Amino acid sequence: KIKKKDGIPLVADMHENYPFFISEIKFANTLLGKLLISKKQWFAKEKEWLSAVDRIVVVDAGMQERIEKQLTRPRPFVVVPNSPETKAVLESQEDLPELESKYRDPFVVFYFGGLDSRRGLDTLVDAAALLKDKIRPLKVVIVGSGSYEAVIRERIKQQDVQDLFAFEGWHPVSHLQAFTQFADVCVIPHLKSPQTDNSSPNKLFLYMLFKKPIVASNCRSIQNIIEENNCGLIYESGNGRQLAEKILYVQQHPEEARAMGERGHRAVLEKYDWSIGADRLIEMYKGLQI
């Protein structure tokens, strides 16, 4: 309405594939959720709203491809990954000296982020169970919080690997280097879906920034960045055996793992720093006619 009345350009910032995001929420798939939330209507509204805008900002080229298929006429796109402002992140880091006694000695598999059913942490538990007799000592460190934690803990109990896991709860990004300095490999075990195939998880770029080799599931957008920059290994989403094999490979090839971390670090600074995406946004807004 504002656009029609005042002629003001309209920009859509598509940080998420929101209709798919809604579709994957647990509540939306319950009986009550299905009554209250119309997935079909969310997809229709997205198409309606995006057909009215002048520019569209997305976090991944795959998201652009999906949206282009439903538009009534072409729109200019700007791809801006969900990447960090590296200088600010590095300058914000704080020491946590109490971590050294806990994580100095074991081979540490590290996860940072939310705890929900879409994150694939069940797969990580299954992988740990397969590795418990192959990597000693082994510790899986989880930094984050969420409603799914109780489910993960129960699966850990079922697999009898309680001694391998450490839940550190939520921590700010300013504590990340304190943890990653002890991490031998960082993981992104997200379950593959239309949402995760076109996402841009901040943790990916943070792992790269702190020079860590990454093992991630084959969500398309994540896989593309890791393979393009040769900074980690990819496994089939939901496949605990493959995840275990990739982690074991990192453990058995420390020099190669170190090189992966260095390549990821350079890529973040040269290609994915927030300033690069910000310049694209500035140029886009300058080009709008008011």
# chains A, B, ... in the order shown; residues from 1 in each chain; ligands from 1

$ closest_atom_pairs --of "region 136-183 of chain A" --to "region 247-250 of chain A" --cutoff "12 Å" --atoms "only C-alpha atoms" --output "tab-separated table"
residue	atom	partner	partner_atom	distance
A:Arg136	CA	A:Leu248	CA	11.2
A:Leu138	CA	A:Leu248	CA	10.9
A:Val140	CA	A:Ile247	CA	11.2
A:Ala183	CA	A:Val250	CA	11.6

$ residues_around --residues "region 163-180 of chain A" --least-positions-apart "4" --cutoff "6 Å" --atoms "only C-alpha atoms" --output "list in words"
Ser92, Gln93, Glu94, Asp95, Leu96, Lys139, Val140, Val141, Ile142, Val143, Gly144 and Ser145 of chain A

$ write_last_selection --atoms "N, CA and C atoms" --output "PDB file, in the first residue's frame"
ATOM      1  N   SER A  92      36.213  -9.328  20.084  1.00  0.00           N
ATOM      2  CA  SER A  92      35.295  -9.543  21.214  1.00  0.00           C
ATOM      3  C   SER A  92      35.634 -10.770  22.050  1.00  0.00           C
ATOM      4  N   GLN A  93      36.587 -11.582  21.615  1.00  0.00           N
ATOM      5  CA  GLN A  93      36.817 -12.875  22.259  1.00  0.00           C
ATOM      6  C   GLN A  93      37.354 -12.746  23.688  1.00  0.00           C
ATOM      7  N   GLU A  94      36.852 -13.634  24.546  1.00  0.00           N
ATOM      8  CA  GLU A  94      37.227 -13.656  25.962  1.00  0.00           C
ATOM      9  C   GLU A  94      37.849 -15.004  26.316  1.00  0.00           C
ATOM     10  N   ASP A  95      38.731 -14.990  27.300  1.00  0.00           N
ATOM     11  CA  ASP A  95      39.359 -16.226  27.768  1.00  0.00           C
ATOM     12  C   ASP A  95      38.445 -16.958  28.752  1.00  0.00           C
ATOM     13  N   LEU A  96      38.462 -18.278  28.682  1.00  0.00           N
ATOM     14  CA  LEU A  96      37.779 -19.130  29.658  1.00  0.00           C
ATOM     15  C   LEU A  96      38.794 -20.161  30.139  1.00  0.00           C
ATOM     16  N   LYS A 139      35.840 -36.607  23.193  1.00  0.00           N
ATOM     17  CA  LYS A 139      34.835 -35.789  23.869  1.00  0.00           C
ATOM     18  C   LYS A 139      34.058 -34.991  22.813  1.00  0.00           C
ATOM     19  N   VAL A 140      32.733 -35.084  22.897  1.00  0.00           N
ATOM     20  CA  VAL A 140      31.854 -34.294  22.037  1.00  0.00           C
ATOM     21  C   VAL A 140      31.315 -33.139  22.874  1.00  0.00           C
ATOM     22  N   VAL A 141      31.702 -31.936  22.516  1.00  0.00           N
ATOM     23  CA  VAL A 141      31.337 -30.747  23.289  1.00  0.00           C
ATOM     24  C   VAL A 141      30.227 -30.000  22.557  1.00  0.00           C
ATOM     25  N   ILE A 142      29.114 -29.800  23.237  1.00  0.00           N
ATOM     26  CA  ILE A 142      27.958 -29.121  22.657  1.00  0.00           C
ATOM     27  C   ILE A 142      27.740 -27.807  23.388  1.00  0.00           C
ATOM     28  N   VAL A 143      27.842 -26.721  22.651  1.00  0.00           N
ATOM     29  CA  VAL A 143      27.596 -25.388  23.199  1.00  0.00           C
ATOM     30  C   VAL A 143      26.335 -24.843  22.543  1.00  0.00           C
ATOM     31  N   GLY A 144      25.293 -24.690  23.329  1.00  0.00           N
ATOM     32  CA  GLY A 144      24.020 -24.225  22.807  1.00  0.00           C
ATOM     33  C   GLY A 144      22.888 -24.694  23.698  1.00  0.00           C
ATOM     34  N   SER A 145      21.694 -24.257  23.380  1.00  0.00           N
ATOM     35  CA  SER A 145      20.532 -24.645  24.182  1.00  0.00           C
ATOM     36  C   SER A 145      19.327 -24.799  23.271  1.00  0.00           C
TER      37      SER A 145
END

$ residues_around --residues "Gly240 (chain A)" --least-positions-apart "2" --cutoff "9 Å" --atoms "only C-alpha atoms" --output "short mmCIF file (atom, residue, chain, number, x, y, z; two decimals) with C-alpha atoms, in the first residue's frame"
data_model
loop_
_atom_site.label_atom_id
_atom_site.label_comp_id
_atom_site.auth_asym_id
_atom_site.auth_seq_id
_atom_site.Cartn_x
_atom_site.Cartn_y
_atom_site.Cartn_z
CA ASP A 122 20.86 -37.53 16.86
CA THR A 123 23.21 -38.41 14.02
CA LEU A 124 26.12 -37.00 16.01
CA VAL A 125 25.21 -39.25 18.95
CA ASP A 126 25.12 -42.28 16.66
CA ALA A 127 28.52 -41.34 15.23
CA ALA A 128 30.01 -40.96 18.70
CA LEU A 130 30.70 -45.83 16.61
CA TYR A 235 28.70 -36.79 4.66
CA GLU A 236 25.17 -37.89 3.80
CA SER A 237 22.62 -36.24 6.06
CA GLY A 238 21.35 -38.58 8.78
CA GLN A 242 29.47 -41.74 7.38
CA LEU A 243 29.77 -38.97 9.93
CA ALA A 244 31.90 -41.22 12.13
CA GLU A 245 34.12 -42.08 9.15
#

$ residues_around --residues "Ile67 (chain A)" --least-positions-apart "5" --cutoff "9 Å" --atoms "only C-alpha atoms" --output "PyMOL selection string"
chain A and resi 47+50+62

$ residues_around --residues "region 269-280 of chain A" --least-positions-apart "5" --cutoff "12 Å" --atoms "only C-alpha atoms" --output "short mmCIF file (atom, residue, chain, number, x, y, z; two decimals) with N, CA and C atoms, in the first residue's frame"
data_model
loop_
_atom_site.label_atom_id
_atom_site.label_comp_id
_atom_site.auth_asym_id
_atom_site.auth_seq_id
_atom_site.Cartn_x
_atom_site.Cartn_y
_atom_site.Cartn_z
N VAL A 57 16.71 -9.59 -1.29
CA VAL A 57 17.99 -9.96 -0.68
C VAL A 57 17.87 -11.38 -0.16
N VAL A 58 18.81 -12.24 -0.54
CA VAL A 58 18.81 -13.64 -0.09
C VAL A 58 20.18 -13.99 0.47
N VAL A 59 20.24 -15.08 1.25
CA VAL A 59 21.51 -15.48 1.86
C VAL A 59 22.27 -16.52 1.04
N ASP A 60 21.62 -17.04 0.00
CA ASP A 60 22.25 -18.12 -0.77
C ASP A 60 21.67 -18.13 -2.18
N PHE A 77 18.19 -9.49 -7.71
CA PHE A 77 18.54 -10.16 -6.45
C PHE A 77 19.93 -9.70 -5.99
N VAL A 78 20.12 -9.73 -4.69
CA VAL A 78 21.44 -9.54 -4.09
C VAL A 78 21.66 -10.69 -3.12
N VAL A 79 22.76 -11.42 -3.28
CA VAL A 79 23.09 -12.54 -2.40
C VAL A 79 24.06 -12.05 -1.33
N VAL A 80 23.64 -12.12 -0.07
CA VAL A 80 24.46 -11.69 1.06
C VAL A 80 24.46 -12.81 2.10
N PRO A 81 25.52 -13.60 2.18
CA PRO A 81 25.57 -14.69 3.16
C PRO A 81 25.47 -14.19 4.59
N ASN A 82 25.03 -15.07 5.47
CA ASN A 82 24.90 -14.76 6.89
C ASN A 82 26.27 -14.89 7.56
N SER A 83 27.19 -14.04 7.13
CA SER A 83 28.58 -14.14 7.57
C SER A 83 28.91 -13.07 8.61
N PRO A 84 29.95 -13.28 9.40
CA PRO A 84 30.26 -12.37 10.50
C PRO A 84 31.11 -11.19 10.07
N GLU A 85 31.09 -10.16 10.88
CA GLU A 85 32.05 -9.07 10.76
C GLU A 85 33.31 -9.54 11.49
N THR A 86 34.25 -10.06 10.76
CA THR A 86 35.35 -10.82 11.35
C THR A 86 36.16 -10.01 12.37
N LYS A 87 36.44 -8.77 12.06
CA LYS A 87 37.25 -7.95 12.97
C LYS A 87 36.55 -7.80 14.32
N ALA A 88 35.25 -7.53 14.29
CA ALA A 88 34.49 -7.36 15.53
C ALA A 88 34.43 -8.66 16.32
N VAL A 89 34.24 -9.78 15.62
CA VAL A 89 34.19 -11.08 16.31
C VAL A 89 35.52 -11.37 16.99
N LEU A 90 36.61 -11.20 16.27
CA LEU A 90 37.93 -11.50 16.83
C LEU A 90 38.26 -10.60 18.02
N SER A 200 22.20 -20.28 5.35
CA SER A 200 23.56 -19.76 5.47
C SER A 200 23.90 -19.68 6.95
N ASN A 202 25.48 -19.15 10.38
CA ASN A 202 26.59 -18.34 10.86
C ASN A 202 27.72 -19.19 11.41
N LEU A 204 28.99 -21.86 10.32
CA LEU A 204 29.92 -22.29 9.28
C LEU A 204 31.06 -21.29 9.14
N PHE A 205 30.73 -20.02 9.04
CA PHE A 205 31.75 -19.00 8.85
C PHE A 205 32.57 -18.77 10.12
N LEU A 206 31.95 -18.96 11.27
CA LEU A 206 32.69 -18.82 12.53
C LEU A 206 33.71 -19.96 12.68
N MET A 208 35.13 -21.50 10.27
CA MET A 208 36.19 -21.17 9.31
C MET A 208 37.09 -20.07 9.84
N LEU A 209 36.49 -19.06 10.44
CA LEU A 209 37.26 -17.94 10.98
C LEU A 209 38.28 -18.41 12.00
N PHE A 210 37.89 -19.39 12.82
CA PHE A 210 38.79 -19.87 13.88
C PHE A 210 39.63 -21.08 13.43
N LYS A 211 39.76 -21.23 12.11
CA LYS A 211 40.72 -22.17 11.51
C LYS A 211 40.45 -23.64 11.85
N ILE A 225 29.95 -24.31 -0.15
CA ILE A 225 31.00 -23.46 0.42
C ILE A 225 32.19 -24.29 0.88
N GLU A 228 33.95 -25.70 -2.28
CA GLU A 228 34.58 -24.62 -3.05
C GLU A 228 35.89 -24.17 -2.41
N ASN A 229 35.92 -24.19 -1.08
CA ASN A 229 37.10 -23.69 -0.36
C ASN A 229 37.96 -24.80 0.23
N GLU A 262 43.15 -23.66 7.74
CA GLU A 262 43.82 -22.47 7.21
C GLU A 262 43.11 -21.96 5.95
N ARG A 263 42.70 -22.88 5.09
CA ARG A 263 42.00 -22.46 3.87
C ARG A 263 40.65 -21.82 4.20
N GLY A 264 39.94 -22.39 5.16
CA GLY A 264 38.68 -21.79 5.56
C GLY A 264 38.86 -20.40 6.13
N TYR A 285 20.96 -0.39 -2.54
CA TYR A 285 20.11 0.70 -2.06
C TYR A 285 20.40 2.00 -2.80
N LYS A 286 21.65 2.23 -3.17
CA LYS A 286 21.98 3.43 -3.95
C LYS A 286 21.28 3.41 -5.31
N GLY A 287 21.07 2.21 -5.83
CA GLY A 287 20.47 2.09 -7.15
C GLY A 287 18.95 2.21 -7.18
#

$ atom_distance --atom1 "CA of Gln159 (chain A)" --atom2 "CA of Asp105 (chain A)"
23.3 Å

$ select_by_dssp --residues "region 21-256 of chain A" --states "alpha helix (DSSP H)" --output "PyMOL selection string"
chain A and resi 21-24+31-36+39-50+61-68+86-91+100-103+121-131+149-158+176-180+202-209+220-229+240-252+254-256

$ write_last_selection --atoms "C-alpha atoms" --output "short mmCIF file (atom, residue, chain, number, x, y, z; two decimals), in the first residue's frame"
data_model
loop_
_atom_site.label_atom_id
_atom_site.label_comp_id
_atom_site.auth_asym_id
_atom_site.auth_seq_id
_atom_site.Cartn_x
_atom_site.Cartn_y
_atom_site.Cartn_z
CA PHE A 21 10.91 -23.04 7.97
CA ILE A 22 7.30 -22.94 9.19
CA SER A 23 6.65 -26.37 7.66
CA GLU A 24 9.48 -27.92 9.68
CA LEU A 31 -3.14 -31.44 15.02
CA LEU A 32 -3.57 -28.01 16.64
CA GLY A 33 -0.75 -26.55 14.58
CA LYS A 34 -2.33 -27.74 11.34
CA LEU A 35 -5.58 -26.04 12.38
CA LEU A 36 -3.88 -22.75 13.24
CA LYS A 39 1.37 -23.96 5.17
CA LYS A 40 -0.34 -23.54 1.80
CA GLN A 41 -1.30 -19.99 2.71
CA TRP A 42 2.26 -19.14 3.76
CA PHE A 43 3.57 -20.23 0.34
CA ALA A 44 0.82 -18.25 -1.42
CA LYS A 45 1.54 -15.13 0.65
CA GLU A 46 5.26 -15.37 -0.02
CA LYS A 47 4.59 -15.45 -3.76
CA GLU A 48 2.14 -12.54 -3.50
CA TRP A 49 4.47 -10.34 -1.43
CA LEU A 50 7.61 -11.07 -3.45
CA ALA A 61 22.06 -18.56 -4.54
CA GLY A 62 19.87 -21.63 -4.07
CA MET A 63 17.27 -19.49 -2.34
CA GLN A 64 17.34 -17.13 -5.30
CA GLU A 65 16.72 -20.03 -7.70
CA ARG A 66 13.72 -21.20 -5.68
CA ILE A 67 12.14 -17.74 -5.54
CA GLU A 68 12.76 -16.96 -9.22
CA THR A 86 35.35 -10.82 11.35
CA LYS A 87 37.25 -7.95 12.97
CA ALA A 88 34.49 -7.36 15.53
CA VAL A 89 34.19 -11.08 16.31
CA LEU A 90 37.93 -11.50 16.83
CA GLU A 91 38.20 -8.40 19.01
CA GLU A 100 41.77 -26.21 29.60
CA SER A 101 41.62 -28.87 32.29
CA LYS A 102 38.49 -30.36 30.69
CA TYR A 103 39.38 -30.33 27.02
CA LEU A 121 22.35 -34.04 16.69
CA ASP A 122 20.86 -37.53 16.86
CA THR A 123 23.21 -38.41 14.02
CA LEU A 124 26.12 -37.00 16.01
CA VAL A 125 25.21 -39.25 18.95
CA ASP A 126 25.12 -42.28 16.66
CA ALA A 127 28.52 -41.34 15.23
CA ALA A 128 30.01 -40.96 18.70
CA ALA A 129 28.81 -44.45 19.62
CA LEU A 130 30.70 -45.83 16.61
CA LEU A 131 33.85 -43.88 17.50
CA GLU A 149 18.21 -31.20 24.65
CA ALA A 150 16.24 -33.73 26.70
CA VAL A 151 15.70 -35.89 23.60
CA ILE A 152 19.40 -35.78 22.77
CA ARG A 153 20.34 -36.73 26.32
CA GLU A 154 17.98 -39.70 26.19
CA ARG A 155 19.54 -40.89 22.94
CA ILE A 156 22.99 -40.54 24.50
CA LYS A 157 21.80 -42.68 27.40
CA GLN A 158 20.38 -45.30 25.02
CA LEU A 176 33.73 -19.25 20.84
CA GLN A 177 37.49 -19.04 20.43
CA ALA A 178 37.95 -20.23 24.01
CA PHE A 179 36.16 -23.44 23.02
CA THR A 180 37.46 -23.87 19.47
CA ASN A 202 26.59 -18.34 10.86
CA LYS A 203 28.40 -21.21 12.60
CA LEU A 204 29.92 -22.29 9.28
CA PHE A 205 31.75 -19.00 8.85
CA LEU A 206 32.69 -18.82 12.53
CA TYR A 207 34.26 -22.29 12.38
CA MET A 208 36.19 -21.17 9.31
CA LEU A 209 37.26 -17.94 10.98
CA ARG A 220 23.49 -27.92 -0.57
CA SER A 221 24.48 -24.39 0.45
CA ILE A 222 26.85 -25.61 3.17
CA GLN A 223 28.34 -28.29 0.93
CA ASN A 224 28.98 -25.76 -1.84
CA ILE A 225 31.00 -23.46 0.42
CA ILE A 226 33.00 -26.26 2.04
CA GLU A 227 33.86 -27.90 -1.27
CA GLU A 228 34.58 -24.62 -3.05
CA ASN A 229 37.10 -23.69 -0.36
CA GLY A 240 25.83 -41.70 11.49
CA ARG A 241 28.30 -44.18 10.04
CA GLN A 242 29.47 -41.74 7.38
CA LEU A 243 29.77 -38.97 9.93
CA ALA A 244 31.90 -41.22 12.13
CA GLU A 245 34.12 -42.08 9.15
CA LYS A 246 34.70 -38.41 8.32
CA ILE A 247 35.53 -37.53 11.93
CA LEU A 248 37.92 -40.47 12.09
CA TYR A 249 39.57 -39.29 8.87
CA VAL A 250 40.23 -35.88 10.41
CA GLN A 251 41.68 -37.52 13.51
CA GLN A 252 43.99 -39.70 11.41
CA PRO A 254 46.06 -33.95 11.38
CA GLU A 255 48.20 -32.08 8.82
CA GLU A 256 45.46 -32.21 6.21
#

$ select_by_dssp --residues "region 49-217 of chain A" --states "strand (DSSP E or B)" --output "ChimeraX atom specification"
/A:55-58,77-79,107-112,138-143,165-169,185-188,214-217

$ residues_around --residues "Val53 (chain A)" --least-positions-apart "4" --cutoff "12 Å" --atoms "only C-alpha atoms" --output "MDAnalysis selection string"
chainID A and resid 1:4 7:14 46:49 57 71:77 288

$ closest_residue --among "A:Arg118, A:Pro19, A:Pro106, A:Lys132" --to "Gln162 (chain A)" --atoms "only C-alpha atoms"
A:Lys132
